[in-house]
>>> print(open('model_27.cif').read())   # mmCIF, C-alpha atoms
data_structure
loop_
_atom_site.label_atom_id
_atom_site.label_comp_id
_atom_site.auth_asym_id
_atom_site.auth_seq_id
_atom_site.Cartn_x
_atom_site.Cartn_y
_atom_site.Cartn_z
CA MET A 49 3.84 -47.58 -75.66
CA VAL A 50 2.62 -46.38 -79.06
CA ALA A 51 4.75 -43.23 -78.84
CA ARG A 52 7.77 -45.30 -77.85
CA ALA A 53 7.19 -47.68 -80.77
CA ARG A 54 6.98 -44.75 -83.16
CA LYS A 55 10.24 -43.32 -81.85
CA CYS A 56 11.93 -46.70 -82.20
CA GLY A 57 10.61 -47.00 -85.73
CA ALA A 58 11.91 -43.54 -86.64
CA LEU A 59 15.29 -44.36 -85.14
CA LEU A 60 15.53 -47.63 -87.06
CA LEU A 61 14.60 -45.88 -90.31
CA SER A 62 17.17 -43.18 -89.60
CA LEU A 63 19.87 -45.79 -89.02
CA PHE A 64 18.79 -47.66 -92.15
CA LEU A 65 19.06 -44.54 -94.29
CA ALA A 66 22.36 -43.62 -92.70
CA GLY A 67 23.61 -47.11 -93.63
CA CYS A 68 22.41 -46.61 -97.17
CA ASN A 69 24.33 -43.34 -97.27
CA GLN A 70 27.54 -45.20 -96.51
CA GLY A 71 27.00 -46.78 -99.89
CA GLY A 72 26.74 -43.36 -101.52
CA THR A 73 22.99 -42.60 -101.38
CA VAL A 74 22.68 -38.84 -100.87
CA ARG A 75 19.75 -36.55 -101.62
CA VAL A 76 20.85 -32.99 -102.42
CA LEU A 77 18.43 -30.05 -102.16
CA LYS A 78 19.14 -26.71 -103.83
CA LEU A 79 18.61 -23.63 -101.65
CA ALA A 80 18.80 -20.02 -102.93
CA TYR A 81 18.66 -16.54 -101.39
CA VAL A 82 19.66 -13.02 -102.46
CA LEU A 83 21.90 -11.94 -99.57
CA ASP A 84 25.66 -12.41 -99.72
CA THR A 85 27.98 -14.47 -97.57
CA ARG A 86 28.68 -11.63 -95.09
CA HIS A 87 25.05 -11.43 -94.02
CA PRO A 88 23.56 -13.23 -90.96
CA VAL A 89 21.11 -14.89 -93.34
CA HIS A 90 23.97 -16.76 -95.02
CA GLN A 91 25.35 -17.87 -91.66
CA ALA A 92 21.91 -19.17 -90.67
CA MET A 93 21.46 -21.01 -93.97
CA ALA A 94 24.92 -22.58 -93.67
CA TYR A 95 24.00 -23.64 -90.13
CA LEU A 96 20.77 -25.14 -91.45
CA GLY A 97 22.77 -27.16 -93.95
CA SER A 98 25.25 -28.32 -91.33
CA ARG A 99 22.52 -29.47 -88.95
CA LEU A 100 20.59 -31.21 -91.74
CA GLU A 101 23.66 -33.15 -92.78
CA ALA A 102 24.37 -34.10 -89.15
CA LEU A 103 20.80 -35.18 -88.39
CA SER A 104 20.60 -37.30 -91.55
CA HIS A 105 24.12 -38.75 -91.14
CA GLY A 106 24.94 -37.32 -94.55
CA ALA A 107 21.90 -38.74 -96.34
CA LEU A 108 20.34 -35.31 -96.91
CA ARG A 109 22.31 -32.15 -97.59
CA LEU A 110 21.94 -28.66 -99.04
CA ASP A 111 23.57 -27.14 -102.08
CA ILE A 112 23.53 -23.43 -101.25
CA PHE A 113 23.36 -20.56 -103.78
CA PRO A 114 23.73 -17.18 -101.98
CA ALA A 115 24.02 -13.61 -103.28
CA GLY A 116 21.36 -13.87 -105.98
CA GLN A 117 23.29 -16.43 -108.03
CA LEU A 118 19.99 -17.90 -109.24
CA GLY A 119 18.15 -14.59 -109.66
CA GLY A 120 15.82 -12.65 -107.38
CA GLU A 121 13.23 -13.79 -104.86
CA ARG A 122 10.35 -13.69 -107.33
CA GLU A 123 12.35 -15.93 -109.68
CA TYR A 124 13.05 -18.32 -106.80
CA LEU A 125 9.37 -18.73 -106.05
CA GLU A 126 8.56 -19.32 -109.71
CA SER A 127 11.36 -21.89 -109.83
CA LEU A 128 9.91 -23.68 -106.81
CA GLN A 129 6.58 -23.89 -108.58
CA VAL A 130 8.06 -25.47 -111.73
CA ARG A 131 10.41 -27.91 -109.92
CA SER A 132 13.72 -26.27 -110.90
CA LEU A 133 14.56 -25.29 -107.29
CA ASP A 134 13.94 -27.07 -103.99
CA LEU A 135 14.17 -24.39 -101.29
CA ALA A 136 14.34 -20.60 -101.05
CA LYS A 137 14.66 -18.06 -98.27
CA VAL A 138 12.42 -15.14 -99.22
CA SER A 139 10.71 -12.14 -97.67
CA SER A 140 7.03 -12.40 -96.80
CA SER A 141 6.53 -9.17 -98.76
CA VAL A 142 7.61 -10.91 -101.96
CA LEU A 143 5.78 -14.12 -101.09
CA GLU A 144 2.49 -12.18 -100.87
CA ASN A 145 2.52 -11.94 -104.67
CA PHE A 146 2.03 -15.72 -104.72
CA VAL A 147 0.21 -16.36 -101.42
CA PRO A 148 -2.22 -13.44 -100.83
CA SER A 149 -2.66 -13.99 -97.08
CA ARG A 150 1.04 -13.29 -96.51
CA ALA A 151 0.34 -9.64 -97.33
CA VAL A 152 -0.72 -9.14 -93.73
CA PHE A 153 2.94 -9.14 -92.66
CA SER A 154 3.70 -6.16 -94.92
CA LEU A 155 1.26 -3.90 -93.09
CA PRO A 156 2.82 -1.01 -91.14
CA TYR A 157 3.14 -1.13 -87.35
CA LEU A 158 1.32 -4.45 -87.22
CA PHE A 159 3.06 -5.79 -84.13
CA VAL A 160 3.31 -4.19 -80.71
CA ASP A 161 6.85 -5.49 -80.21
CA GLU A 162 9.13 -8.44 -81.03
CA LYS A 163 7.53 -10.72 -78.45
CA HIS A 164 4.12 -10.08 -79.98
CA LYS A 165 5.48 -10.86 -83.44
CA TRP A 166 6.98 -14.17 -82.38
CA ARG A 167 3.89 -15.21 -80.43
CA VAL A 168 2.06 -14.89 -83.74
CA LEU A 169 4.72 -16.57 -85.87
CA VAL A 170 5.18 -19.66 -83.67
CA GLY A 171 1.50 -19.89 -82.80
CA PRO A 172 -1.45 -21.45 -84.69
CA LEU A 173 -1.92 -18.48 -87.03
CA GLY A 174 1.72 -18.42 -88.07
CA ARG A 175 1.67 -22.15 -88.76
CA ARG A 176 -1.55 -21.85 -90.74
CA LEU A 177 -0.10 -19.14 -92.94
CA LEU A 178 3.04 -21.21 -93.59
CA LEU A 179 0.89 -24.00 -95.00
CA GLU A 180 -1.53 -21.85 -96.98
CA GLY A 181 0.97 -21.64 -99.80
CA GLU A 182 0.67 -25.36 -100.53
CA ARG A 183 -2.15 -24.71 -103.00
CA TYR A 184 0.41 -22.64 -104.95
CA TRP A 185 3.12 -25.37 -104.68
CA LEU A 186 4.89 -23.35 -101.95
CA ARG A 187 5.07 -24.90 -98.47
CA GLY A 188 6.50 -22.74 -95.68
CA LEU A 189 8.83 -24.49 -93.23
CA CYS A 190 9.65 -21.67 -90.78
CA TYR A 191 10.02 -17.94 -90.27
CA TYR A 192 13.28 -16.08 -89.75
CA GLU A 193 14.01 -12.93 -87.77
CA THR A 194 14.50 -9.82 -89.89
CA GLY A 195 13.94 -7.06 -87.33
CA SER A 196 12.21 -3.87 -88.41
CA ARG A 197 12.53 -1.98 -91.66
CA ASN A 198 13.75 1.61 -91.50
CA PHE A 199 14.17 4.37 -94.05
CA TYR A 200 17.62 5.48 -95.16
CA LEU A 201 18.31 8.49 -97.35
CA VAL A 202 21.19 9.70 -99.48
CA ASN A 203 21.29 13.36 -98.49
CA ARG A 204 18.26 14.35 -96.43
CA PRO A 205 17.20 13.58 -92.83
CA VAL A 206 13.62 12.59 -92.07
CA LEU A 207 12.01 13.45 -88.73
CA ARG A 208 8.32 13.39 -89.68
CA PRO A 209 6.27 11.84 -92.50
CA GLU A 210 6.11 15.21 -94.27
CA ASP A 211 9.88 15.06 -94.78
CA LEU A 212 9.40 12.13 -97.18
CA HIS A 213 7.35 14.27 -99.56
CA GLY A 214 8.63 13.96 -103.12
CA LEU A 215 11.38 11.49 -102.27
CA LYS A 216 11.71 8.33 -104.36
CA ILE A 217 12.07 5.40 -101.98
CA ARG A 218 12.97 1.91 -103.16
CA VAL A 219 10.57 -0.76 -101.89
CA MET A 220 9.99 -4.45 -102.55
CA GLN A 221 7.36 -5.44 -105.10
CA SER A 222 4.63 -5.55 -102.45
CA TYR A 223 1.27 -3.81 -102.69
CA TRP A 224 1.10 -2.84 -99.03
CA SER A 225 4.76 -1.81 -98.87
CA ILE A 226 4.10 0.52 -101.79
CA ARG A 227 0.92 1.85 -100.19
CA THR A 228 2.71 2.43 -96.88
CA VAL A 229 5.47 4.57 -98.39
CA ASN A 230 3.02 6.52 -100.55
CA THR A 231 0.70 7.11 -97.59
CA LEU A 232 3.62 8.44 -95.55
CA GLY A 233 4.30 10.96 -98.33
CA GLY A 234 7.10 9.33 -100.29
CA SER A 235 7.09 8.03 -103.83
CA ALA A 236 7.45 4.24 -103.64
CA THR A 237 9.71 2.82 -106.36
CA PRO A 238 9.90 -0.99 -106.67
CA ILE A 239 13.41 -2.09 -107.69
CA ALA A 240 15.04 -5.52 -107.46
CA PHE A 241 17.39 -5.73 -104.49
CA GLY A 242 20.35 -6.65 -106.67
CA GLU A 243 19.93 -3.38 -108.62
CA LEU A 244 19.55 -1.10 -105.59
CA TYR A 245 23.21 -0.25 -104.96
CA THR A 246 23.59 1.12 -108.49
CA ALA A 247 20.22 2.88 -108.28
CA LEU A 248 21.39 4.73 -105.17
CA GLN A 249 24.72 5.58 -106.80
CA GLN A 250 23.09 6.97 -109.92
CA GLY A 251 20.33 8.89 -108.14
CA VAL A 252 17.53 6.76 -109.55
CA VAL A 253 16.09 6.76 -106.01
CA ASP A 254 16.65 9.07 -103.06
CA GLY A 255 16.71 6.26 -100.52
CA ALA A 256 15.35 2.90 -99.53
CA GLU A 257 14.06 0.98 -96.53
CA ASN A 258 15.38 -2.17 -94.93
CA ASN A 259 16.68 -3.62 -91.68
CA ILE A 260 19.98 -2.51 -90.14
CA PRO A 261 22.13 -5.57 -90.98
CA THR A 262 21.08 -5.43 -94.64
CA PHE A 263 21.74 -1.68 -94.76
CA TYR A 264 25.27 -2.36 -93.52
CA GLU A 265 26.16 -5.63 -95.27
CA SER A 266 24.88 -4.39 -98.65
CA ARG A 267 27.07 -1.29 -98.15
CA HIS A 268 24.20 1.07 -98.88
CA PHE A 269 25.64 3.25 -96.10
CA GLU A 270 28.34 4.30 -98.59
CA MET A 271 25.74 6.46 -100.36
CA CYS A 272 23.04 6.93 -97.69
CA LYS A 273 24.17 9.09 -94.80
CA TYR A 274 20.88 9.25 -92.91
CA LEU A 275 19.35 6.19 -91.20
CA ILE A 276 15.86 6.79 -89.78
CA LEU A 277 14.83 4.37 -87.02
CA ASP A 278 11.10 4.56 -87.67
CA GLY A 279 10.51 0.76 -87.71
CA HIS A 280 7.53 1.09 -90.03
CA SER A 281 7.16 -2.61 -90.82
CA SER A 282 8.48 -5.99 -89.75
CA PRO A 283 7.76 -8.67 -92.38
CA PRO A 284 9.56 -11.91 -91.48
CA ASP A 285 11.54 -13.98 -93.90
CA ALA A 286 10.37 -17.49 -94.65
CA LEU A 287 12.04 -20.71 -95.67
CA VAL A 288 9.90 -22.16 -98.46
CA ILE A 289 10.09 -25.61 -100.04
CA SER A 290 8.55 -26.66 -103.34
CA THR A 291 5.66 -29.03 -102.70
CA HIS A 292 7.05 -31.10 -105.57
CA THR A 293 10.20 -31.64 -103.50
CA TRP A 294 8.29 -32.10 -100.24
CA ASP A 295 6.15 -34.83 -101.77
CA ARG A 296 9.27 -36.73 -102.84
CA LEU A 297 10.80 -36.76 -99.35
CA GLN A 298 10.45 -39.77 -97.06
CA PRO A 299 8.74 -39.09 -93.67
CA ILE A 300 12.08 -39.31 -91.85
CA GLU A 301 13.64 -36.86 -94.33
CA ARG A 302 10.82 -34.41 -93.68
CA ARG A 303 11.44 -34.68 -89.93
CA TRP A 304 15.16 -34.08 -90.39
CA LEU A 305 14.45 -30.99 -92.48
CA GLU A 306 11.84 -29.62 -90.06
CA GLN A 307 14.13 -30.15 -87.06
CA ALA A 308 17.10 -28.50 -88.78
CA ALA A 309 14.86 -25.58 -89.79
CA GLU A 310 13.54 -25.14 -86.24
CA GLU A 311 17.07 -25.13 -84.83
CA SER A 312 18.20 -22.61 -87.45
CA VAL A 313 15.39 -20.22 -86.42
CA ALA A 314 16.75 -19.97 -82.87
CA TYR A 315 20.31 -19.70 -84.16
CA LYS A 316 19.37 -16.88 -86.56
CA ARG A 317 17.67 -14.93 -83.75
CA ARG A 318 20.88 -14.99 -81.73
CA LEU A 319 22.93 -13.95 -84.75
CA TRP A 320 20.49 -11.16 -85.52
CA ALA A 321 20.61 -9.54 -82.08
CA THR A 322 24.41 -9.36 -82.25
CA ALA A 323 24.43 -8.15 -85.87
CA VAL A 324 22.01 -5.27 -85.21
CA GLU A 325 24.14 -3.94 -82.37
CA GLN A 326 27.44 -4.31 -84.23
CA ASP A 327 26.19 -3.02 -87.57
CA LEU A 328 24.52 0.04 -86.06
CA ALA A 329 27.83 0.94 -84.41
CA ALA A 330 29.65 0.32 -87.70
CA VAL A 331 27.47 2.65 -89.79
CA ARG A 332 27.83 5.36 -87.14
CA ARG A 333 31.62 5.04 -87.41
CA ALA A 334 31.24 5.34 -91.18
CA GLY A 335 29.62 8.74 -90.76
CA VAL A 336 25.94 7.82 -90.99
CA GLN A 337 23.65 10.03 -88.91
CA VAL A 338 21.25 7.76 -87.01
CA ILE A 339 17.97 9.54 -86.31
CA VAL A 340 15.12 8.54 -84.00
CA PRO A 341 12.11 10.33 -85.52
CA ASP A 342 8.65 11.07 -84.14
CA VAL A 343 7.48 7.46 -84.59
CA GLU A 344 3.97 8.17 -83.37
CA SER A 345 3.40 10.62 -86.25
CA PHE A 346 4.35 7.84 -88.69
CA ARG A 347 2.06 5.39 -86.92
CA GLN A 348 -0.88 7.80 -87.01
CA ARG A 349 -0.38 8.63 -90.68
CA VAL A 350 -0.80 5.00 -91.80
CA GLN A 351 -3.95 4.24 -89.77
CA VAL A 352 -5.96 5.16 -92.87
CA LEU A 353 -4.68 1.90 -94.42
CA TYR A 354 -6.34 -0.13 -91.68
CA GLU A 355 -9.60 1.71 -92.29
CA GLU A 356 -9.29 0.77 -95.95
CA LEU A 357 -8.69 -2.85 -94.97
CA ARG A 358 -11.73 -2.88 -92.71
CA HIS A 359 -14.01 -1.72 -95.51
CA SER A 360 -12.49 -3.28 -98.63
CA HIS A 361 -10.20 -6.19 -97.71
CA HIS A 362 -12.23 -8.22 -95.25
CA ASP A 363 -10.15 -11.41 -95.25
CA LEU A 364 -6.94 -9.50 -94.60
CA TYR A 365 -8.57 -7.41 -91.89
CA ARG A 366 -9.73 -10.56 -90.10
CA LEU A 367 -6.09 -11.66 -90.00
CA VAL A 368 -5.14 -8.27 -88.56
CA GLU A 369 -7.72 -8.70 -85.80
CA GLU A 370 -6.42 -12.20 -85.07
CA ILE A 371 -2.87 -10.87 -84.83
CA ARG A 372 -3.90 -8.02 -82.57
CA SER A 373 -5.64 -10.45 -80.24
CA ALA A 374 -2.29 -12.17 -79.67
CA ALA A 375 -0.68 -9.00 -78.30
CA ALA A 376 -1.21 -10.10 -74.69
CA PRO A 377 1.14 -12.86 -73.44
CA GLU A 378 -0.39 -16.32 -73.36
CA GLU A 379 0.93 -19.54 -71.91
CA SER A 380 -0.11 -21.39 -75.05
CA HIS A 381 2.53 -19.62 -77.18
CA PRO A 382 5.87 -20.60 -75.62
CA LEU A 383 8.90 -18.68 -76.85
CA ALA A 384 11.52 -20.27 -74.63
CA TYR A 385 12.86 -22.68 -77.27
CA LEU A 386 13.78 -19.72 -79.47
CA GLU A 387 16.27 -18.58 -76.83
CA GLN A 388 17.82 -21.99 -76.16
CA ARG A 389 21.27 -22.83 -77.46
CA HIS A 390 21.40 -26.24 -79.13
CA PRO A 391 24.02 -28.60 -77.64
CA ASP A 392 25.48 -29.28 -81.12
CA GLU A 393 25.66 -25.60 -82.05
CA ASP A 394 29.42 -25.26 -81.47
CA THR A 395 30.12 -28.22 -83.78
CA ALA A 396 27.83 -26.80 -86.45
CA GLN A 397 29.37 -23.33 -86.15
CA LYS A 398 32.84 -24.85 -86.63
CA ALA A 399 31.65 -26.63 -89.76
CA VAL A 400 30.12 -23.40 -91.08
CA ALA A 401 33.34 -21.47 -90.43
CA GLU A 402 35.43 -24.12 -92.19
CA ALA A 403 33.14 -24.01 -95.22
CA ALA A 404 33.19 -20.18 -95.46
CA PRO A 405 34.84 -18.75 -98.59
#
>>> encode(input="model_27.cif", output="structure tokens")
Amino acid sequence: MVARARKCGALLLSLFLAGCNQGGTVRVLKLAYVLDTRHPVHQAMAYLGSRLEALSHGALRLDIFPAGQLGGEREYLESLQVRSLDLAKVSSSVLENFVPSRAVFSLPYLFVDEKHKWRVLVGPLGRRLLLEGERYWLRGLCYYETGSRNFYLVNRPVLRPEDLHGLKIRVMQSYWSIRTVNTLGGSATPIAFGELYTALQQGVVDGAENNIPTFYESRHFEMCKYLILDGHSSPPDALVISTHTWDRLQPIERRWLEQAAEESVAYKRRLWATAVEQDLAAVRRAGVQVIVPDVESFRQRVQVLYEELRHSHHDLYRLVEEIRSAAAPEESHPLAYLEQRHPDEDTAQKAVAEAAP
């Protein structure tokens, strides 16, 4: 009876706010991310906005700024902290500069496979890490699929870690990303994503590392003719809201936003699987040599980082142990909802397509 009363109350509040919206009451939230409108990330963010508007009957909507219009991911997070931005989609490897515990996701070969990763992300540990940023005015709403990061080089193939020796590899501004590349033998070079295309063109770096859709959609394949499927790390993206904004939202508005975010996670996973397959085929047609290296030699080379963690970074190593303990399937971490297609997805996709530039 109590649960039913709560549902009725939420429904009445929703209808009340929808009625208010007919009079012109609309709350607009600004959302920024660095990837352009061709990328699956943009499609997922547009879907998020479409679902949020539908759930709120137009009372809550997103104003989306893709392609780095408002700067880079570090600038987004700083803007969230000072109330000049509401939401941002960022990489966990950038977020670790603000929320130290997020550094665990930048560690190499952390997850056994994708199922292991998502058991962690949708389980208690993943939720706890989303909320740990609140003390820094950064509340995580959800994680997004980003696949695995792979090296790509301008003019040299890489089969073993030794082949990276002396090569300047662009990385995100992440301590453990830098340490990973340096430990493998490369020379890690942090560069903002928006500057990478030119850096590759001008020979500032010899290569970079990222997931396959970003390699293709950013057109880095025009300079880099070797894609190395080493899968050295798999840091998820996160949707982050300023706590200043979160505190201003009504309870029903928070529920609308959380539901739209959850639905967009499943939608993005479906987009991602298709994009990886299509984009890998596309770069092959463009003349990129796709190489499957000796992955085990890469994995063994970076084990020294985990020894360092065990002796010098105890809090982070405890998180590693917690993540490793989730490698075996458990009934308490259901993944089925991530594979389900939402009944309103076709309507939302149509709205996204109509809004595309």
>>> atom_distance(input="model_27.cif", atom1="CA of Gly116 in chain A", atom2="CA of Ala314 in chain A")
24.3 Å
>>> resolve_selection(input="model_27.cif", expression="the PyMOL selection byres ((chain A and resi 235-246) around 7)", output="mmCIF file with C-alpha atoms, keeping the file's coordinate frame")
data_model
loop_
_atom_site.group_PDB
_atom_site.id
_atom_site.type_symbol
_atom_site.label_atom_id
_atom_site.label_comp_id
_atom_site.auth_asym_id
_atom_site.auth_seq_id
_atom_site.Cartn_x
_atom_site.Cartn_y
_atom_site.Cartn_z
ATOM 1 C CA GLY A 214 8.630 13.960 -103.120
ATOM 2 C CA LEU A 215 11.380 11.490 -102.270
ATOM 3 C CA LYS A 216 11.710 8.330 -104.360
ATOM 4 C CA ILE A 217 12.070 5.400 -101.980
ATOM 5 C CA ARG A 218 12.970 1.910 -103.160
ATOM 6 C CA VAL A 219 10.570 -0.760 -101.890
ATOM 7 C CA MET A 220 9.990 -4.450 -102.550
ATOM 8 C CA GLN A 221 7.360 -5.440 -105.100
ATOM 9 C CA ILE A 226 4.100 0.520 -101.790
ATOM 10 C CA VAL A 229 5.470 4.570 -98.390
ATOM 11 C CA ASN A 230 3.020 6.520 -100.550
ATOM 12 C CA GLY A 233 4.300 10.960 -98.330
ATOM 13 C CA GLY A 234 7.100 9.330 -100.290
ATOM 14 C CA ALA A 247 20.220 2.880 -108.280
ATOM 15 C CA LEU A 248 21.390 4.730 -105.170
ATOM 16 C CA GLN A 249 24.720 5.580 -106.800
ATOM 17 C CA GLN A 250 23.090 6.970 -109.920
ATOM 18 C CA HIS A 268 24.200 1.070 -98.880
#
>>> resolve_selection(input="model_27.cif", expression="the PyMOL selection byres ((chain A and resi 159-170) around 7)", output="PyMOL selection string")
chain A and resi 157-158+171-175+371+374-375+381
>>> closest_residue(input="model_27.cif", among="A:Val130, A:Lys316, A:Phe153, A:Glu121", to="Tyr95 in chain A", atoms="only C-alpha atoms")
A:Lys316
>>> atom_distance(input="model_27.cif", atom1="CA of Glu144 in chain A", atom2="CA of Glu265 in chain A")
25.2 Å
>>> resolve_selection(input="model_27.cif", expression="the PyMOL selection byres ((chain A and resi 104-113) around 10)", output="JSON, numbers by chain")
{"A": [62, 63, 65, 66, 67, 68, 69, 70, 72, 73, 74, 75, 76, 77, 78, 79, 80, 81, 82, 83, 84, 85, 90, 93, 94, 96, 97, 98, 99, 100, 101, 102, 103, 114, 115, 116, 117, 118, 119, 134, 135, 136, 297, 300, 301, 303, 304, 305, 308]}
>>> write_last_selection(input="model_27.cif", atoms="C-alpha atoms", output="PDB file, in the frame of the given file")
ATOM      1  CA  SER A  62      17.170 -43.180 -89.600  1.00  0.00           C
ATOM      2  CA  LEU A  63      19.870 -45.790 -89.020  1.00  0.00           C
ATOM      3  CA  LEU A  65      19.060 -44.540 -94.290  1.00  0.00           C
ATOM      4  CA  ALA A  66      22.360 -43.620 -92.700  1.00  0.00           C
ATOM      5  CA  GLY A  67      23.610 -47.110 -93.630  1.00  0.00           C
ATOM      6  CA  CYS A  68      22.410 -46.610 -97.170  1.00  0.00           C
ATOM      7  CA  ASN A  69      24.330 -43.340 -97.270  1.00  0.00           C
ATOM      8  CA  GLN A  70      27.540 -45.200 -96.510  1.00  0.00           C
ATOM      9  CA  GLY A  72      26.740 -43.360-101.520  1.00  0.00           C
ATOM     10  CA  THR A  73      22.990 -42.600-101.380  1.00  0.00           C
ATOM     11  CA  VAL A  74      22.680 -38.840-100.870  1.00  0.00           C
ATOM     12  CA  ARG A  75      19.750 -36.550-101.620  1.00  0.00           C
ATOM     13  CA  VAL A  76      20.850 -32.990-102.420  1.00  0.00           C
ATOM     14  CA  LEU A  77      18.430 -30.050-102.160  1.00  0.00           C
ATOM     15  CA  LYS A  78      19.140 -26.710-103.830  1.00  0.00           C
ATOM     16  CA  LEU A  79      18.610 -23.630-101.650  1.00  0.00           C
ATOM     17  CA  ALA A  80      18.800 -20.020-102.930  1.00  0.00           C
ATOM     18  CA  TYR A  81      18.660 -16.540-101.390  1.00  0.00           C
ATOM     19  CA  VAL A  82      19.660 -13.020-102.460  1.00  0.00           C
ATOM     20  CA  LEU A  83      21.900 -11.940 -99.570  1.00  0.00           C
ATOM     21  CA  ASP A  84      25.660 -12.410 -99.720  1.00  0.00           C
ATOM     22  CA  THR A  85      27.980 -14.470 -97.570  1.00  0.00           C
ATOM     23  CA  HIS A  90      23.970 -16.760 -95.020  1.00  0.00           C
ATOM     24  CA  MET A  93      21.460 -21.010 -93.970  1.00  0.00           C
ATOM     25  CA  ALA A  94      24.920 -22.580 -93.670  1.00  0.00           C
ATOM     26  CA  LEU A  96      20.770 -25.140 -91.450  1.00  0.00           C
ATOM     27  CA  GLY A  97      22.770 -27.160 -93.950  1.00  0.00           C
ATOM     28  CA  SER A  98      25.250 -28.320 -91.330  1.00  0.00           C
ATOM     29  CA  ARG A  99      22.520 -29.470 -88.950  1.00  0.00           C
ATOM     30  CA  LEU A 100      20.590 -31.210 -91.740  1.00  0.00           C
ATOM     31  CA  GLU A 101      23.660 -33.150 -92.780  1.00  0.00           C
ATOM     32  CA  ALA A 102      24.370 -34.100 -89.150  1.00  0.00           C
ATOM     33  CA  LEU A 103      20.800 -35.180 -88.390  1.00  0.00           C
ATOM     34  CA  PRO A 114      23.730 -17.180-101.980  1.00  0.00           C
ATOM     35  CA  ALA A 115      24.020 -13.610-103.280  1.00  0.00           C
ATOM     36  CA  GLY A 116      21.360 -13.870-105.980  1.00  0.00           C
ATOM     37  CA  GLN A 117      23.290 -16.430-108.030  1.00  0.00           C
ATOM     38  CA  LEU A 118      19.990 -17.900-109.240  1.00  0.00           C
ATOM     39  CA  GLY A 119      18.150 -14.590-109.660  1.00  0.00           C
ATOM     40  CA  ASP A 134      13.940 -27.070-103.990  1.00  0.00           C
ATOM     41  CA  LEU A 135      14.170 -24.390-101.290  1.00  0.00           C
ATOM     42  CA  ALA A 136      14.340 -20.600-101.050  1.00  0.00           C
ATOM     43  CA  LEU A 297      10.800 -36.760 -99.350  1.00  0.00           C
ATOM     44  CA  ILE A 300      12.080 -39.310 -91.850  1.00  0.00           C
ATOM     45  CA  GLU A 301      13.640 -36.860 -94.330  1.00  0.00           C
ATOM     46  CA  ARG A 303      11.440 -34.680 -89.930  1.00  0.00           C
ATOM     47  CA  TRP A 304      15.160 -34.080 -90.390  1.00  0.00           C
ATOM     48  CA  LEU A 305      14.450 -30.990 -92.480  1.00  0.00           C
ATOM     49  CA  ALA A 308      17.100 -28.500 -88.780  1.00  0.00           C
TER      50      ALA A 308
END
>>> residues_near_point(input="model_27.cif", point="(5.4, 9.7, -82.0)", cutoff="12 Å", atoms="only C-alpha atoms", output="compact mmCIF listing (two decimals) with C-alpha atoms, in the frame of the given file")
# COMPACT_ATOMS: atom_id res chain seq x y z
CA LEU A 207 12.01 13.45 -88.73
CA ARG A 208 8.32 13.39 -89.68
CA PRO A 209 6.27 11.84 -92.50
CA LEU A 277 14.83 4.37 -87.02
CA ASP A 278 11.10 4.56 -87.67
CA GLY A 279 10.51 0.76 -87.71
CA HIS A 280 7.53 1.09 -90.03
CA VAL A 340 15.12 8.54 -84.00
CA PRO A 341 12.11 10.33 -85.52
CA ASP A 342 8.65 11.07 -84.14
CA VAL A 343 7.48 7.46 -84.59
CA GLU A 344 3.97 8.17 -83.37
CA SER A 345 3.40 10.62 -86.25
CA PHE A 346 4.35 7.84 -88.69
CA ARG A 347 2.06 5.39 -86.92
CA GLN A 348 -0.88 7.80 -87.01
CA ARG A 349 -0.38 8.63 -90.68
>>> residues_around(input="model_27.cif", residues="Val350 in chain A", least_positions_apart="3", cutoff="8 Å", atoms="only C-alpha atoms", output="list of chain:residue names")
A:Pro156, A:Thr228, A:Thr231, A:Leu232, A:Phe346, A:Arg347, A:Leu353, A:Tyr354
>>> residues_around(input="model_27.cif", residues="Asn145 in chain A", least_positions_apart="3", cutoff="9 Å", atoms="only C-alpha atoms", output="PDB file with C-alpha atoms, keeping the file's coordinate frame")
ATOM      1  CA  ARG A 122      10.350 -13.690-107.330  1.00  0.00           C
ATOM      2  CA  SER A 141       6.530  -9.170 -98.760  1.00  0.00           C
ATOM      3  CA  VAL A 142       7.610 -10.910-101.960  1.00  0.00           C
ATOM      4  CA  PRO A 148      -2.220 -13.440-100.830  1.00  0.00           C
ATOM      5  CA  ARG A 150       1.040 -13.290 -96.510  1.00  0.00           C
ATOM      6  CA  ALA A 151       0.340  -9.640 -97.330  1.00  0.00           C
ATOM      7  CA  GLN A 221       7.360  -5.440-105.100  1.00  0.00           C
ATOM      8  CA  SER A 222       4.630  -5.550-102.450  1.00  0.00           C
ATOM      9  CA  TYR A 223       1.270  -3.810-102.690  1.00  0.00           C
TER      10      TYR A 223
END
>>> atom_distance(input="model_27.cif", atom1="CA of Asp285 in chain A", atom2="CA of Leu178 in chain A")
11.2 Å
>>> residues_around(input="model_27.cif", residues="Ser154 in chain A", least_positions_apart="5", cutoff="6 Å", atoms="all atoms listed in the file", output="PyMOL selection string")
chain A and resi 141+224-225+283
>>> residues_around(input="model_27.cif", residues="Arg131 in chain A", least_positions_apart="2", cutoff="9 Å", atoms="all atoms listed in the file", output="list in words")
Glu126, Ser127, Leu128, Gln129, Leu133, Asp134, Ser290, Thr291, His292 and Thr293 of chain A
>>> axis_aligned_box(input="model_27.cif", around="range 105-116 of chain A", padding_each_side="4 Å", output="JSON")
{"center_x": 22.6, "center_y": -26.2, "center_z": -98.6, "size_x": 12.6, "size_y": 33.1, "size_z": 22.8}
>>> closest_residue(input="model_27.cif", among="A:Ile289, A:Leu212, A:Leu201, A:Leu179", to="Ser132 in chain A", atoms="only C-alpha atoms")
A:Ile289
>>> residues_around(input="model_27.cif", residues="range 192-197 of chain A", least_positions_apart="5", cutoff="6 Å", atoms="all atoms listed in the file", output="JSON, numbers by chain")
{"A": [257, 258, 259, 279, 281, 282, 284, 285, 286, 313, 317]}
